[in-house]
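> Sharing work_25.tsv here; it has TSV, C-alpha atoms.
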```tsv
chain	number	residue	atom	x	y	z
Z	1	MET	CA	30.11	-5.14	-87.94
Z	2	GLU	CA	28.57	-2.22	-86.05
Z	3	ALA	CA	25.12	-3.80	-86.44
Z	4	PHE	CA	26.52	-7.15	-85.29
Z	5	ILE	CA	27.99	-5.57	-82.15
Z	6	ALA	CA	24.72	-3.78	-81.41
Z	7	ALA	CA	22.66	-6.97	-81.85
Z	8	LEU	CA	24.94	-9.51	-80.16
Z	9	PRO	CA	27.58	-7.66	-78.16
Z	10	GLY	CA	28.77	-10.75	-76.29
Z	11	THR	CA	29.36	-12.80	-79.44
Z	12	ALA	CA	30.79	-9.87	-81.39
Z	13	ALA	CA	33.36	-9.24	-78.68
Z	14	GLY	CA	34.67	-12.81	-78.63
Z	15	GLU	CA	37.75	-14.15	-80.33
Z	16	HIS	CA	35.58	-16.00	-82.85
Z	17	ALA	CA	33.53	-12.93	-83.79
Z	18	ARG	CA	34.43	-13.05	-87.50
Z	19	ALA	CA	33.50	-16.72	-87.80
Z	20	ALA	CA	30.26	-16.14	-85.88
Z	21	LEU	CA	29.26	-13.25	-88.15
Z	22	ALA	CA	30.04	-15.29	-91.26
Z	23	THR	CA	27.94	-18.16	-89.89
Z	24	LEU	CA	24.97	-15.89	-89.21
Z	25	LEU	CA	25.19	-14.18	-92.61
Z	26	ASN	CA	25.15	-17.54	-94.37
Z	27	GLU	CA	22.13	-18.62	-92.32
Z	28	LEU	CA	20.26	-15.42	-93.19
Z	29	ALA	CA	21.10	-16.04	-96.85
Z	30	GLU	CA	19.75	-19.60	-96.61
Z	31	TYR	CA	16.46	-18.19	-95.31
Z	32	GLN	CA	16.51	-15.69	-98.22
Z	33	ILE	CA	16.37	-12.77	-95.80
Z	34	LEU	CA	19.42	-11.30	-97.52
Z	35	THR	CA	21.59	-12.02	-100.56
Z	36	LEU	CA	25.36	-12.32	-100.38
Z	37	PRO	CA	27.50	-11.07	-103.27
Z	38	SER	CA	28.51	-13.67	-105.86
Z	39	ASP	CA	31.53	-11.69	-107.07
Z	40	PRO	CA	34.66	-12.76	-105.10
Z	41	ALA	CA	35.95	-9.19	-105.40
Z	42	ARG	CA	33.11	-8.09	-103.11
Z	43	TRP	CA	34.56	-10.10	-100.20
Z	44	ASP	CA	37.44	-9.13	-97.95
Z	45	VAL	CA	40.60	-11.21	-97.65
Z	46	GLY	CA	40.07	-12.31	-94.05
Z	47	ARG	CA	39.37	-15.89	-93.02
Z	48	PRO	CA	36.58	-16.51	-93.15
Z	49	GLY	CA	35.82	-13.81	-95.70
Z	50	LEU	CA	33.14	-11.22	-95.03
Z	51	PRO	CA	31.17	-9.38	-97.73
Z	52	GLU	CA	31.63	-5.67	-98.34
Z	53	ARG	CA	27.85	-5.36	-98.40
Z	54	VAL	CA	24.72	-7.48	-98.50
Z	55	ARG	CA	21.37	-6.92	-100.19
Z	56	MET	CA	18.33	-7.10	-97.95
Z	57	ASN	CA	15.55	-8.99	-99.70
Z	58	THR	CA	12.10	-7.43	-99.67
Z	59	ALA	CA	9.14	-9.52	-100.66
Z	60	THR	CA	7.30	-8.06	-103.63
Z	61	PRO	CA	3.64	-8.99	-103.49
Z	62	THR	CA	2.85	-11.24	-106.42
Z	63	LYS	CA	-0.83	-10.41	-106.20
Z	64	THR	CA	-2.54	-7.51	-104.53
Z	65	THR	CA	-5.57	-8.44	-102.54
Z	66	THR	CA	-8.75	-6.69	-101.50
Z	67	ALA	CA	-9.36	-9.20	-98.73
Z	68	ARG	CA	-7.32	-7.27	-96.22
Z	69	ARG	CA	-9.43	-4.14	-96.75
Z	70	GLN	CA	-12.51	-6.11	-95.69
Z	71	VAL	CA	-11.00	-7.13	-92.37
Z	72	SER	CA	-11.55	-5.10	-89.25
Z	73	TRP	CA	-8.04	-5.39	-87.87
Z	74	ARG	CA	-7.60	-5.59	-84.14
Z	75	PRO	CA	-5.51	-2.85	-82.42
Z	76	GLU	CA	-2.63	-5.36	-82.14
Z	77	LEU	CA	-2.57	-5.46	-85.94
Z	78	ASP	CA	-3.14	-1.78	-86.63
Z	79	TRP	CA	-0.06	-1.76	-88.87
Z	80	ALA	CA	-1.84	-4.11	-91.30
Z	81	HIS	CA	-4.09	-1.28	-92.51
Z	82	THR	CA	-1.22	0.27	-94.46
Z	83	ALA	CA	1.00	-2.77	-95.07
Z	84	ARG	CA	1.44	-4.24	-98.54
Z	85	LEU	CA	0.33	-7.81	-98.08
Z	86	THR	CA	0.12	-10.80	-100.36
Z	87	ALA	CA	-3.02	-12.90	-100.42
Z	88	ALA	CA	-1.26	-15.58	-98.34
Z	89	GLN	CA	-0.10	-13.04	-95.75
Z	90	THR	CA	-3.61	-11.63	-95.51
Z	91	GLU	CA	-4.98	-15.12	-94.91
Z	92	ASP	CA	-2.45	-15.76	-92.14
Z	93	LEU	CA	-3.08	-12.40	-90.52
Z	94	THR	CA	-6.83	-12.97	-90.65
Z	95	ALA	CA	-6.41	-16.11	-88.57
Z	96	ILE	CA	-4.20	-14.24	-86.10
Z	97	ASN	CA	-6.68	-11.34	-86.03
Z	98	ARG	CA	-9.42	-13.81	-85.14
Z	99	TRP	CA	-7.29	-15.15	-82.28
Z	100	PHE	CA	-6.70	-11.63	-80.94
Z	101	ARG	CA	-10.46	-10.99	-81.12
Z	102	ASP	CA	-11.51	-14.23	-79.45
Z	103	THR	CA	-9.02	-13.88	-76.59
Z	104	SER	CA	-9.33	-10.13	-75.98
Z	105	HIS	CA	-11.51	-10.62	-72.88
Z	106	ARG	CA	-10.14	-14.00	-71.86
Z	107	PRO	CA	-6.74	-13.39	-70.27
Z	108	GLU	CA	-6.37	-17.08	-69.44
Z	109	LYS	CA	-6.25	-17.75	-73.21
Z	110	ARG	CA	-3.25	-15.44	-73.48
Z	111	THR	CA	-1.21	-17.26	-70.88
Z	112	PRO	CA	2.05	-18.05	-72.72
Z	113	ILE	CA	2.26	-21.49	-74.28
Z	114	SER	CA	4.85	-23.03	-76.61
Z	115	LEU	CA	5.17	-21.99	-80.24
Z	116	ARG	CA	3.75	-25.14	-81.79
Z	117	GLU	CA	0.87	-25.28	-79.34
Z	118	ARG	CA	-0.01	-21.67	-80.14
Z	119	SER	CA	0.38	-22.34	-83.86
Z	120	HIS	CA	-2.07	-25.24	-83.65
Z	121	GLU	CA	-4.51	-23.09	-81.68
Z	122	ILE	CA	-4.44	-20.30	-84.27
Z	123	PHE	CA	-4.03	-22.18	-87.55
Z	124	LYS	CA	-4.83	-25.81	-86.72
Z	125	ASP	CA	-1.33	-26.34	-88.08
Z	126	GLU	CA	1.36	-26.77	-85.44
Z	127	LYS	CA	4.20	-25.81	-87.81
Z	128	ARG	CA	2.73	-22.69	-89.43
Z	129	LEU	CA	4.35	-20.23	-87.01
Z	130	ASP	CA	7.72	-21.95	-87.55
Z	131	THR	CA	7.48	-20.75	-91.14
Z	132	LEU	CA	6.12	-17.29	-90.45
Z	133	ILE	CA	8.57	-16.10	-87.79
Z	134	SER	CA	11.40	-15.71	-90.32
Z	135	GLY	CA	9.23	-13.68	-92.72
Z	136	ALA	CA	7.93	-10.16	-93.19
Z	137	LEU	CA	5.00	-10.50	-90.79
Z	138	PHE	CA	7.46	-10.69	-87.90
Z	139	ALA	CA	9.41	-7.60	-88.93
Z	140	PRO	CA	10.04	-4.94	-86.25
Z	141	GLU	CA	6.89	-3.24	-84.98
Z	142	ARG	CA	4.75	-6.04	-86.40
Z	143	LEU	CA	4.18	-9.47	-84.89
Z	144	SER	CA	6.40	-10.92	-82.19
Z	145	LEU	CA	6.41	-14.03	-80.05
Z	146	GLU	CA	5.60	-11.89	-77.02
Z	147	ARG	CA	2.50	-10.40	-78.67
Z	148	LEU	CA	1.26	-13.89	-79.48
Z	149	ALA	CA	2.01	-15.00	-75.92
Z	150	THR	CA	4.28	-17.77	-77.08
Z	151	TYR	CA	7.89	-18.90	-76.93
Z	152	ARG	CA	10.21	-21.37	-78.57
Z	153	GLN	CA	10.29	-24.61	-76.60
Z	154	PRO	CA	13.75	-26.16	-76.99
Z	155	PRO	CA	13.56	-29.84	-77.90
Z	156	PRO	CA	14.78	-32.26	-75.24
Z	157	LEU	CA	18.45	-33.17	-75.23
Z	158	THR	CA	18.95	-36.92	-74.98
Z	159	TYR	CA	22.03	-37.66	-72.91
Z	160	ARG	CA	23.62	-40.37	-70.79
Z	161	GLN	CA	26.04	-39.96	-67.92
Z	162	ILE	CA	29.05	-42.21	-68.42
Z	163	GLY	CA	31.61	-40.76	-66.04
Z	164	ASN	CA	32.59	-37.96	-63.69
Z	165	GLY	CA	34.46	-35.77	-66.17
Z	166	ASN	CA	33.64	-32.14	-66.90
Z	167	THR	CA	33.21	-32.61	-70.67
Z	168	LEU	CA	30.01	-33.21	-72.66
Z	169	LEU	CA	30.42	-34.98	-76.01
Z	170	VAL	CA	27.55	-34.26	-78.44
Z	171	VAL	CA	27.15	-36.60	-81.42
Z	172	GLU	CA	25.07	-35.60	-84.45
Z	173	ASN	CA	23.67	-38.95	-85.61
Z	174	SER	CA	22.09	-41.82	-83.70
Z	175	ASP	CA	24.24	-44.77	-84.85
Z	176	THR	CA	27.51	-42.99	-84.08
Z	177	PHE	CA	26.07	-41.87	-80.75
Z	178	ALA	CA	25.35	-45.52	-79.90
Z	179	SER	CA	28.83	-46.65	-80.96
Z	180	LEU	CA	30.63	-43.95	-78.98
Z	181	HIS	CA	28.38	-44.50	-75.96
Z	182	ASN	CA	29.15	-48.22	-75.91
Z	183	LEU	CA	32.88	-47.71	-76.39
Z	184	LEU	CA	33.21	-44.92	-73.83
Z	185	THR	CA	31.08	-46.38	-71.04
Z	186	PRO	CA	33.77	-48.76	-69.69
Z	187	SER	CA	36.44	-46.04	-69.83
Z	188	PRO	CA	35.03	-42.52	-70.29
Z	189	GLY	CA	38.21	-40.59	-69.51
Z	190	GLY	CA	37.39	-36.91	-69.18
Z	191	ILE	CA	33.88	-37.24	-70.60
Z	192	GLY	CA	31.10	-37.01	-68.06
Z	193	PHE	CA	28.09	-37.08	-70.41
Z	194	ILE	CA	27.42	-38.06	-74.02
Z	195	ALA	CA	24.43	-36.53	-75.84
Z	196	PHE	CA	22.54	-37.21	-79.07
Z	197	GLY	CA	22.41	-33.95	-81.02
Z	198	SER	CA	19.71	-35.09	-83.47
Z	199	GLY	CA	20.89	-32.91	-86.34
Z	200	ARG	CA	19.58	-29.35	-86.38
Z	201	ALA	CA	17.59	-29.92	-83.20
Z	202	PHE	CA	20.83	-29.31	-81.29
Z	203	GLU	CA	20.77	-25.65	-82.26
Z	204	ALA	CA	17.76	-25.27	-79.95
Z	205	SER	CA	18.36	-28.08	-77.44
Z	206	VAL	CA	21.84	-26.71	-76.61
Z	207	GLU	CA	20.32	-24.53	-73.89
Z	208	ASN	CA	19.26	-27.67	-72.00
Z	209	ILE	CA	22.94	-28.35	-71.28
Z	210	ARG	CA	22.59	-26.08	-68.25
Z	211	GLU	CA	20.74	-29.00	-66.61
Z	212	LEU	CA	23.93	-31.08	-66.55
Z	213	PRO	CA	26.09	-30.71	-63.44
Z	214	ASN	CA	29.77	-29.78	-63.55
Z	215	ILE	CA	30.02	-29.44	-67.33
Z	216	ASN	CA	32.45	-26.72	-68.36
Z	217	ARG	CA	33.38	-28.01	-71.81
Z	218	ILE	CA	31.17	-28.98	-74.77
Z	219	ILE	CA	32.69	-30.87	-77.70
Z	220	TYR	CA	30.81	-31.90	-80.84
Z	221	TYR	CA	31.22	-34.52	-83.54
Z	222	GLY	CA	29.14	-34.54	-86.73
Z	223	ASP	CA	29.18	-35.05	-90.47
Z	224	LEU	CA	31.78	-33.27	-92.55
Z	225	ASP	CA	29.49	-31.38	-94.89
Z	226	ALA	CA	27.87	-27.96	-95.00
Z	227	GLU	CA	25.01	-28.76	-92.65
Z	228	GLY	CA	27.16	-30.84	-90.32
Z	229	LEU	CA	29.53	-27.90	-89.78
Z	230	ALA	CA	26.87	-25.19	-89.67
Z	231	ILE	CA	24.90	-26.91	-86.89
Z	232	PRO	CA	27.60	-26.75	-84.18
Z	233	ALA	CA	28.73	-23.28	-85.28
Z	234	ARG	CA	25.21	-21.92	-84.86
Z	235	ALA	CA	24.70	-23.90	-81.65
Z	236	SER	CA	27.89	-22.40	-80.28
Z	237	ILE	CA	26.57	-18.88	-80.87
Z	238	GLY	CA	23.34	-19.83	-79.11
Z	239	ALA	CA	25.25	-21.38	-76.22
Z	240	THR	CA	27.37	-18.30	-75.56
Z	241	GLN	CA	24.30	-16.05	-75.74
Z	242	ARG	CA	22.77	-18.18	-72.98
Z	243	GLY	CA	25.84	-17.98	-70.76
Z	244	LEU	CA	27.19	-21.42	-71.65
Z	245	VAL	CA	30.68	-22.25	-72.89
Z	246	PRO	CA	31.22	-22.36	-76.68
Z	247	VAL	CA	30.73	-25.61	-78.58
Z	248	GLU	CA	34.15	-26.91	-79.65
Z	249	PRO	CA	34.98	-29.52	-82.30
Z	250	SER	CA	36.10	-32.94	-81.13
Z	251	THR	CA	39.43	-32.47	-82.89
Z	252	GLU	CA	40.70	-36.04	-82.94
Z	253	LEU	CA	37.38	-37.48	-84.09
Z	254	TYR	CA	37.32	-35.01	-86.98
Z	255	ARG	CA	40.95	-35.79	-87.75
Z	256	LEU	CA	40.04	-39.47	-87.96
Z	257	LEU	CA	37.01	-38.62	-90.11
Z	258	LEU	CA	39.17	-36.69	-92.57
Z	259	ASP	CA	41.31	-39.81	-93.01
Z	260	GLN	CA	38.31	-41.67	-94.45
Z	261	ASP	CA	37.30	-41.70	-98.12
Z	262	PRO	CA	34.80	-38.96	-98.99
Z	263	THR	CA	31.60	-39.57	-100.95
Z	264	PRO	CA	29.77	-37.27	-103.41
Z	265	GLY	CA	28.10	-34.28	-101.85
Z	266	GLU	CA	27.16	-30.66	-102.51
Z	267	SER	CA	29.84	-28.39	-103.98
Z	268	ILE	CA	30.24	-25.40	-101.68
Z	269	ALA	CA	31.41	-21.95	-102.86
Z	270	ASP	CA	34.86	-20.92	-101.66
Z	271	HIS	CA	33.76	-18.08	-99.37
Z	272	LYS	CA	31.03	-20.18	-97.75
Z	273	ALA	CA	33.41	-23.10	-97.28
Z	274	HIS	CA	35.86	-20.82	-95.47
Z	275	ALA	CA	33.05	-19.68	-93.17
Z	276	LEU	CA	32.00	-23.25	-92.45
Z	277	VAL	CA	35.45	-24.65	-91.68
Z	278	ALA	CA	36.31	-21.68	-89.44
Z	279	TRP	CA	34.63	-23.60	-86.60
Z	280	LEU	CA	37.19	-26.43	-86.94
Z	281	PRO	CA	40.70	-26.21	-85.43
Z	282	PRO	CA	43.18	-24.45	-87.75
Z	283	GLU	CA	45.13	-27.60	-88.57
Z	284	LEU	CA	42.05	-29.29	-90.07
Z	285	ARG	CA	40.58	-26.39	-92.03
Z	286	ALA	CA	42.49	-26.77	-95.29
Z	287	ALA	CA	41.61	-30.45	-95.66
Z	288	ALA	CA	37.97	-29.83	-94.77
Z	289	HIS	CA	37.81	-26.87	-97.17
Z	290	SER	CA	39.07	-29.10	-99.96
Z	291	VAL	CA	36.37	-31.69	-99.25
Z	292	LEU	CA	33.58	-29.08	-99.38
Z	293	THR	CA	34.73	-27.19	-102.47
Z	294	THR	CA	35.28	-30.36	-104.52
Z	295	GLY	CA	31.70	-31.52	-104.05
Z	296	LYS	CA	32.45	-34.17	-101.44
Z	297	ARG	CA	31.36	-35.01	-97.92
Z	298	VAL	CA	32.33	-37.49	-95.21
Z	299	ALA	CA	29.52	-38.91	-93.07
Z	300	GLN	CA	30.47	-39.50	-89.46
Z	301	GLU	CA	29.30	-43.10	-89.88
Z	302	ALA	CA	32.55	-43.62	-91.83
Z	303	THR	CA	34.19	-43.84	-88.41
Z	304	ASN	CA	32.24	-46.94	-87.49
Z	305	ARG	CA	32.42	-48.84	-84.23
Z	306	ASN	CA	35.13	-51.23	-85.43
Z	307	LEU	CA	37.37	-48.34	-86.52
Z	308	LEU	CA	36.76	-46.40	-83.32
Z	309	ALA	CA	37.58	-49.49	-81.25
Z	310	VAL	CA	40.98	-49.85	-82.98
Z	311	GLU	CA	41.92	-46.15	-83.18
Z	312	ALA	CA	42.25	-44.92	-79.61
Z	313	CYS	CA	43.65	-41.50	-80.53
Z	314	TRP	CA	40.24	-39.84	-80.28
Z	315	ARG	CA	39.75	-40.57	-76.58
Z	316	LEU	CA	40.19	-37.74	-74.07
```
Show me the file's structure as C-alpha cells.


Amino acid sequence: MEAFIAALPGTAAGEHARAALATLLNELAEYQILTLPSDPARWDVGRPGLPERVRMNTATPTKTTTARRQVSWRPELDWAHTARLTAAQTEDLTAINRWFRDTSHRPEKRTPISLRERSHEIFKDEKRLDTLISGALFAPERLSLERLATYRQPPPLTYRQIGNGNTLLVVENSDTFASLHNLLTPSPGGIGFIAFGSGRAFEASVENIRELPNINRIIYYGDLDAEGLAIPARASIGATQRGLVPVEPSTELYRLLLDQDPTPGESIADHKAHALVAWLPPELRAAAHSVLTTGKRVAQEATNRNLLAVEACWRL
C-alpha cells in the first residue's frame, strides 16, 4: 500500500483505492511481472481481497550469449555492458543501439513520434515496442519512452452526440453500440454523447474524453466476464490520473444483463472475481461474482435491440 500511494497518490487516496490496487495487481500478474499467492490464507479478508505479499518475477536467461560482448554499446545503453541478457534481448538492443548511433548527430530524427511509428523505424515491426515496454529492458535506469523520443498515441474514441446531457455512455461492442445509439437518439434523456469503446482500446482512448464539452459523468456498459469488467476498471484508473471523472458502471444496463441466461466462459478464482466485481455497484456484485466463479459469462449482446426497446428501466 505504501508503494501504491507513492506511485499513484491520487488513486490511492480515493474511496475506491482498494479496488484500484486489486485491479492493478491482477493486471501485473496477467503480464507475468509478478505472481499472486494461490493460497487463500495469503489474502486478507477485505473486499476485494489483497495479498499479504507478491513475488516479483525476474527473467532467468535461458541462454547466455556472446553477441552482446561484440557490440559497442552507445552511451544511452551503457547499462547493457553488465546486464544479463538473453539472445532475444541482445538482438532487440542491437537494433535500438543502431538507432541511437544513426540519429546521434541528427536531432531531427529524435523529434518525438508515436510509439508504433518509432517501433517501425527501429525494428521494421510497428508492434515490437508494444511488447518490449512491459519487460526487463524497460526497467528503471534502462530504456524509457522518453529516451527513445516516443510516446503512446491513444487510439481515437468514436462517439456521437445525441443530446445535451452531461453524461457520456461508453459501450464495449459495436452491435450494442449501434442498438443503443438508435434507441437513444430520439430520446437521449441525460446522455449527451454515446461512444464505442472498442474493447481494450478504451483503456487508452479514455483520455480523449476531454475533447467532449460539458461531460462530467462517464458510464460504461460491457460484457459480464473477466475482460469486460477489467477494461472499465483500468480505464477508470487512467481517467482519474488524467484529471477526468471515474468511469462508472451503467447500473441498470448491467442489472438487465444479469437477468439474461449466461453462457460458458472462463472460471475465475474467488479472489480475482472479488477484485473484478468491485467496480460494479454493491447490489450487483454477488450475482456477478457467482457468474464468474461458476465458469459463466454474459455477453452484452444478450440485451439485444428488441429487449432494450421493451425494457425502459435502463434509460437515464

> With a distance cut-off of 9 Å and only C-alpha atoms, select the neighbouring residues of Arg98 of chain Z, excluding the residue or stretch itself and same-chain residues fewer than 3 positions from it, and output the selection as a list of chain:residue names.

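These residues fall inside the cut-off: Z:Trp73, Z:Arg74, Z:Leu93, Z:Thr94, Z:Ala95, Z:Arg101, Z:Asp102, Z:Thr103, Z:Ile122.
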
> State, in Å with one decimal place, the distance from atom CA of Asp39 of chain Z to atom CA of Gly14 of chain Z.

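Between atom CA of Asp39 of chain Z and atom CA of Gly14 of chain Z the gap works out to 28.6 Å.
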
> List as a tab-separated table (two decimals) with C-alpha atoms, in the coordinates of the input the protein and nucleic acid residues near Ala286 of chain Z, meaning an atom at most 9 Å away when all atoms listed in the file are counted, but skip any in the same chain fewer than 5 places from it.


```tsv
chain	number	residue	atom	x	y	z
Z	274	HIS	CA	35.86	-20.82	-95.47
Z	277	VAL	CA	35.45	-24.65	-91.68
Z	291	VAL	CA	36.37	-31.69	-99.25
```

> From the set Z:Asn182, Z:Asn173, Z:Ser198, Z:Thr35, which residue has the shortest atom-to-atom contact distance to Arg305 of chain Z, counting all atoms listed in the file?

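The closest residue to Arg305 of chain Z is Z:Asn182.
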
> Please measure the separation of atom CA of Tyr221 of chain Z and atom CA of Pro155 of chain Z, giving the value in Å to one decimal.

19.1 Å

> Nearest residue to Ala19 of chain Z out of Z:Ile237, Z:Leu258, Z:Ile268, Z:Ile215, using all atoms listed in the file?

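Nearest candidate to Ala19 of chain Z out of Z:Ile237, Z:Leu258, Z:Ile268, Z:Ile215: Z:Ile237.
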
> From the set Z:Ala287, Z:Val45, Z:Ala136, Z:Leu21, which residue has the shortest atom-to-atom contact distance to Ala88 of chain Z, counting only C-alpha atoms?

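Of the candidates, the smallest distance to Ala88 of chain Z is held by Z:Ala136.
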
> Return as a Markdown table the residues of segment 122-184 of chain Z lying at most 10 Å from segment 249-256 of chain Z, together with the closest atom-to-atom pair for each and the distance in Å to one decimal, counting only C-alpha atoms, with rows in chain order and ascending residue number.


```
| residue | atom | partner | partner_atom | distance |
| --- | --- | --- | --- | --- |
| Z:Leu169 | CA | Z:Ser250 | CA | 7.9 |
| Z:Val170 | CA | Z:Ser250 | CA | 9.1 |
| Z:Val171 | CA | Z:Ser250 | CA | 9.7 |
```

> Using C-alpha atoms, can you write the selected residues to a file as a PDB file, in the coordinates of the input?


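Output below, filename out-v1.pdb:
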```pdb
ATOM      1  CA  LEU Z 169      30.420 -34.980 -76.010  1.00  0.00           C
ATOM      2  CA  VAL Z 170      27.550 -34.260 -78.440  1.00  0.00           C
ATOM      3  CA  VAL Z 171      27.150 -36.600 -81.420  1.00  0.00           C
TER       4      VAL Z 171
END
```

> Compile the contact shell of segment 26-34 of chain Z as a short mmCIF file (atom, residue, chain, number, x, y, z; two decimals) with C-alpha atoms, in the coordinates of the input: residues with an atom at most 6 Å away, counting all atoms listed in the file, same-chain residues fewer than 3 positions apart removed.


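Written output follows (part-v4.cif):
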```cif
data_model
loop_
_atom_site.label_atom_id
_atom_site.label_comp_id
_atom_site.auth_asym_id
_atom_site.auth_seq_id
_atom_site.Cartn_x
_atom_site.Cartn_y
_atom_site.Cartn_z
CA THR Z 23 27.94 -18.16 -89.89
CA ARG Z 55 21.37 -6.92 -100.19
CA MET Z 56 18.33 -7.10 -97.95
CA ASN Z 57 15.55 -8.99 -99.70
#
```

> For atom CA of Asn164 of chain Z and atom CA of Pro188 of chain Z, quote the distance in Å rounded to one decimal.

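So the two atoms, atom CA of Asn164 of chain Z and atom CA of Pro188 of chain Z, lie 8.4 Å apart.
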
> Please work out which residues fall within 9 Å of (35.0, -43.1, -76.0), coordinates as given in the file, with all atoms listed in the file counting, and return them as a PyMOL selection string.

chain Z and resi 179-189+191+308-309+312+314-316

> Need to verify the contact set: Ala149 of chain Z, 10 Å, only C-alpha atoms, exclusion of same-chain residues closer than 4 positions in sequence. Can you return it as an MDAnalysis selection string?

chainID Z and resid 109:115 118 144:145

> For the residues in the current selection, export C-alpha atoms as an mmCIF file, in the coordinates of the input.


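Below is the file that was written, result_7.cif:
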```
data_model
loop_
_atom_site.group_PDB
_atom_site.id
_atom_site.type_symbol
_atom_site.label_atom_id
_atom_site.label_comp_id
_atom_site.auth_asym_id
_atom_site.auth_seq_id
_atom_site.Cartn_x
_atom_site.Cartn_y
_atom_site.Cartn_z
ATOM 1 C CA LYS Z 109 -6.250 -17.750 -73.210
ATOM 2 C CA ARG Z 110 -3.250 -15.440 -73.480
ATOM 3 C CA THR Z 111 -1.210 -17.260 -70.880
ATOM 4 C CA PRO Z 112 2.050 -18.050 -72.720
ATOM 5 C CA ILE Z 113 2.260 -21.490 -74.280
ATOM 6 C CA SER Z 114 4.850 -23.030 -76.610
ATOM 7 C CA LEU Z 115 5.170 -21.990 -80.240
ATOM 8 C CA ARG Z 118 -0.010 -21.670 -80.140
ATOM 9 C CA SER Z 144 6.400 -10.920 -82.190
ATOM 10 C CA LEU Z 145 6.410 -14.030 -80.050
#
```

> Which residue is closest to Leu229 of chain Z? Choose from Z:Ile96, Z:Val310, Z:Ala83, Z:Leu292 and count only C-alpha atoms.

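Checking each of Z:Ile96, Z:Val310, Z:Ala83, Z:Leu292 against Leu229 of chain Z, counting only C-alpha atoms, the winner is Z:Leu292.
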
> Please provide as a list in words all residues within 9 Å of Ala288 of chain Z, with the sequence filter that same-chain residues fewer than 6 positions apart are discarded (counting only C-alpha atoms).

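Skipping anything fewer than 6 positions along the chain leaves Leu224, Asp225, Leu258, Ala273, Val277, Leu280 and Arg297 of chain Z.
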
> Counting all atoms listed in the file, figure out which residue out of Z:Thr176, Z:Asn208, Z:Thr263, Z:Ser72 gets nearest to Thr303 of chain Z.

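When distances to Thr303 of chain Z are compared using all atoms listed in the file, the smallest one comes from Z:Thr176.
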
> Pick the closest to Gln89 of chain Z from Z:Pro213, Z:Arg42, Z:Glu52, Z:Phe138: which is it, counting all atoms listed in the file?

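With all atoms listed in the file as the atom set, the closest residue is Z:Phe138.
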
> List every protein, DNA or RNA residue that has at least one atom no more than 10 Å from (30.9, -5.0, -85.6) in the file's coordinates, counting only C-alpha atoms, and write the result as a list of chain:residue names.

Z:Met1, Z:Glu2, Z:Ala3, Z:Phe4, Z:Ile5, Z:Ala6, Z:Ala7, Z:Leu8, Z:Pro9, Z:Ala12, Z:Ala13, Z:Ala17, Z:Arg18, Z:Leu21

> Dump C-alpha atoms for the selected residues as a CSV table (one decimal), in the frame of the given file?


```csv
chain,number,residue,atom,x,y,z
Z,1,MET,CA,30.1,-5.1,-87.9
Z,2,GLU,CA,28.6,-2.2,-86.0
Z,3,ALA,CA,25.1,-3.8,-86.4
Z,4,PHE,CA,26.5,-7.2,-85.3
Z,5,ILE,CA,28.0,-5.6,-82.2
Z,6,ALA,CA,24.7,-3.8,-81.4
Z,7,ALA,CA,22.7,-7.0,-81.8
Z,8,LEU,CA,24.9,-9.5,-80.2
Z,9,PRO,CA,27.6,-7.7,-78.2
Z,12,ALA,CA,30.8,-9.9,-81.4
Z,13,ALA,CA,33.4,-9.2,-78.7
Z,17,ALA,CA,33.5,-12.9,-83.8
Z,18,ARG,CA,34.4,-13.0,-87.5
Z,21,LEU,CA,29.3,-13.2,-88.2
```
